[in-house]
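Undergrad: Please see the structure below; I have some questions.
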Amino acid sequence: MKIVAVCACTVGIAHTYMAKNAIEEECKKRGIDCKVEAQGGLGIENPLSQDDVDSADIVINAIDVGIEGDDRFDAKRDEDRFLKVGTADAISDAAKVIDQAVEMAKKADEAAASGAQKKGLFADFGKTLLNAFNTGVSYFIPVVVIGGVFLAFALATGEAGDAGMTVTNPFFQNLNTIGSAGIAMMIPVLAAYIAYSIAGKPGLAPGFVLGYLVNNPVNVGGTDVSTGFLGAMIMAVCAGYFVKWMKTWKVNSTIQTIMPVLIIPILSSLVLGLFYIYILATPISIFMGWLIDVLGNLQGGSAVVLGLVIGVMTAFDMGGPINKTASTFTMALMAEQIYAPNGMFRVAVAIPPIACGLAALIARNKFDDADRQMGISALFMGCIGITEGAIPFAVKDLVHTLPGICIGSAVGAGLAAIQGIQCFVPHGGFIVALATNNIPLFCLDIVIGSVVAAAILIAMKPKLSSQKA
């Protein structure tokens, strides 16, 4: 029997090589011919050729992220000779993994003899989605770090004004430009590599295009709609499966050569781009208009209720349409010299990333090394009022992240409402404290909201051992 495998973890350092060694050692004990490719932080090592793959009885992917060259294994998937596990599975119990592989190879032989049906397009849908989201996070972490760190240094030298934080030093203006480019690329990179994980290399181009599309305003019925990371996740999954389906089309050899470079990217971007603009964005624009009316009705009533609602909206989609609706509402009131709602909003924007950063650094048994790297960047971004710093945590584990940051932001914004905090500039975080009517309370509200959110996040988050089980 011959087994080939690929190992790749989120960070690309320890677990990749530990899984590789575990698989190799177990195969050596059993006398099984084995070759294992590692896709780590330094690139591809001991690469598998197509001949290696084709001649194998079974392929094992011990991976936590999408990998390069995934198309090599399409035929093995069709034959049901493909086993996907996590790196932790291979490290903790390589014998069990090899047992599964051997058993799968035997069943594939029997299925081939009996003419069993191939797996469908959406086979292992849940595992595929989880792997895709982890892949997206893995590739866009460096982009988030670039944007967060450069913006933090640049905006720290800025001055609060009517247009927000204004950077006047030429050198720091350049840093601000670099940081802004990183933030602008964050969502397209996320979408592209989610699609890539599902569909392989042909998913990259439509993923980038759709990620850019959802992250920039599309005018629908007079309302500018941008759906941020939630829209990116939805459209990336659609792109991944649409491209995966297109790859199954039976076409002649001439058409086949231009499928990945011409037909697939153009057709998938056209169909899904129009789907987003005409079908998905329209109801969102109606919903945004309704939210503005709701906020308008709350204004003049209970300030605390308004603060709680603004806090939840701010954290809910972290820079998406609901967050942008709250921002638009508070800035419209600023034009009428009403600054209290803006004070609530500017407290709330800083809380999600700070809370995620604190939680990742404190609860080491619930967050891995990659999370802690993201946490440091998130702290920087929270201090300068960039809510998007929490997005990597939400993408990896939305269910356990969203409740905490929404409650924490609501607490912070509610306290700001009770205390009558006013912010006179359209920016948030600690760096605009001097542009508020009460510097100590403004900062204290951010701290309290962040601590509350971090505590809830830590309480809800399962331990790493449970997540891998």
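In the structure tokens, the first chain shown is A, the next is B, and so on; residue numbers restart at 1 for each chain, and ligands run from 1 in the order shown.
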Counting only C-alpha atoms, which residues in range 66-85 of chain A sit no more than 10 Å from range 5-18 of chain A? For each one, give the nearest pair of atoms and the distance in Å, sorted by chain then residue number, as a tab-separated table.

TA:
```
residue	atom	partner	partner_atom	distance
A:Gly66	CA	A:Ala8	CA	8.1
A:Ile67	CA	A:Ala8	CA	7.2
A:Glu68	CA	A:Val6	CA	10.0
A:Asp70	CA	A:Val6	CA	9.7
A:Phe82	CA	A:Ala5	CA	9.6
A:Leu83	CA	A:Ala5	CA	9.2
A:Lys84	CA	A:Ala5	CA	9.6
A:Val85	CA	A:Cys7	CA	9.6
```

Undergrad: For C-alpha atoms, I'd like the residues from the last selection saved as a PDB file, in the first residue's frame.

TA:
```pdb
ATOM      1  CA  GLY A  66      -6.463  25.444   2.494  1.00  0.00           C
ATOM      2  CA  ILE A  67      -3.385  24.261   0.646  1.00  0.00           C
ATOM      3  CA  GLU A  68      -1.622  24.942  -2.613  1.00  0.00           C
ATOM      4  CA  ASP A  70      -5.343  21.057  -4.010  1.00  0.00           C
ATOM      5  CA  PHE A  82      -9.139  11.070   0.133  1.00  0.00           C
ATOM      6  CA  LEU A  83      -9.079  11.515   3.917  1.00  0.00           C
ATOM      7  CA  LYS A  84      -9.055  14.964   5.517  1.00  0.00           C
ATOM      8  CA  VAL A  85      -8.173  15.393   9.201  1.00  0.00           C
TER       9      VAL A  85
END
```

Undergrad: Compile a residue-level contact table for range 313-361 of chain A against range 284-305 of chain A at a cut-off of 9 Å, reporting for every qualifying residue the shortest atom pair and its distance in Å to one decimal, with only C-alpha atoms counted, rows ordered by chain and ascending number, as a Markdown table.

TA:
```
| residue | atom | partner | partner_atom | distance |
| --- | --- | --- | --- | --- |
| A:Pro321 | CA | A:Met288 | CA | 7.0 |
| A:Ile322 | CA | A:Met288 | CA | 6.9 |
| A:Lys324 | CA | A:Met288 | CA | 8.9 |
| A:Thr325 | CA | A:Met288 | CA | 6.2 |
| A:Ala326 | CA | A:Ile292 | CA | 7.6 |
| A:Thr328 | CA | A:Ile292 | CA | 8.4 |
| A:Phe329 | CA | A:Ile292 | CA | 6.5 |
| A:Ala340 | CA | A:Ala303 | CA | 8.8 |
| A:Pro341 | CA | A:Ala303 | CA | 8.4 |
```

Undergrad: Please indicate the distance in Å from CA of Asn134 in chain A to CA of Val399 in chain A, rounded to one decimal place.

TA: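 Atom-to-atom, CA of Asn134 in chain A and CA of Val399 in chain A are spaced 14.6 Å apart.
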
Undergrad: To one decimal place in Å, what is the distance between CA of Ile456 in chain A and CA of Gln419 in chain A?

TA: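 Atom-to-atom, CA of Ile456 in chain A and CA of Gln419 in chain A are spaced 23.8 Å apart.
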
Undergrad: To one decimal in Å, tell me the separation between CA of Tyr339 in chain A and CA of Ile351 in chain A.

TA: 19.4 Å

Undergrad: Pick the closest to Ser49 in chain A from A:Met186, A:Ala199, A:Ala90, A:Val4: which is it, counting only C-alpha atoms?

TA: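 Closest to Ser49 in chain A of all the choices is A:Val4.
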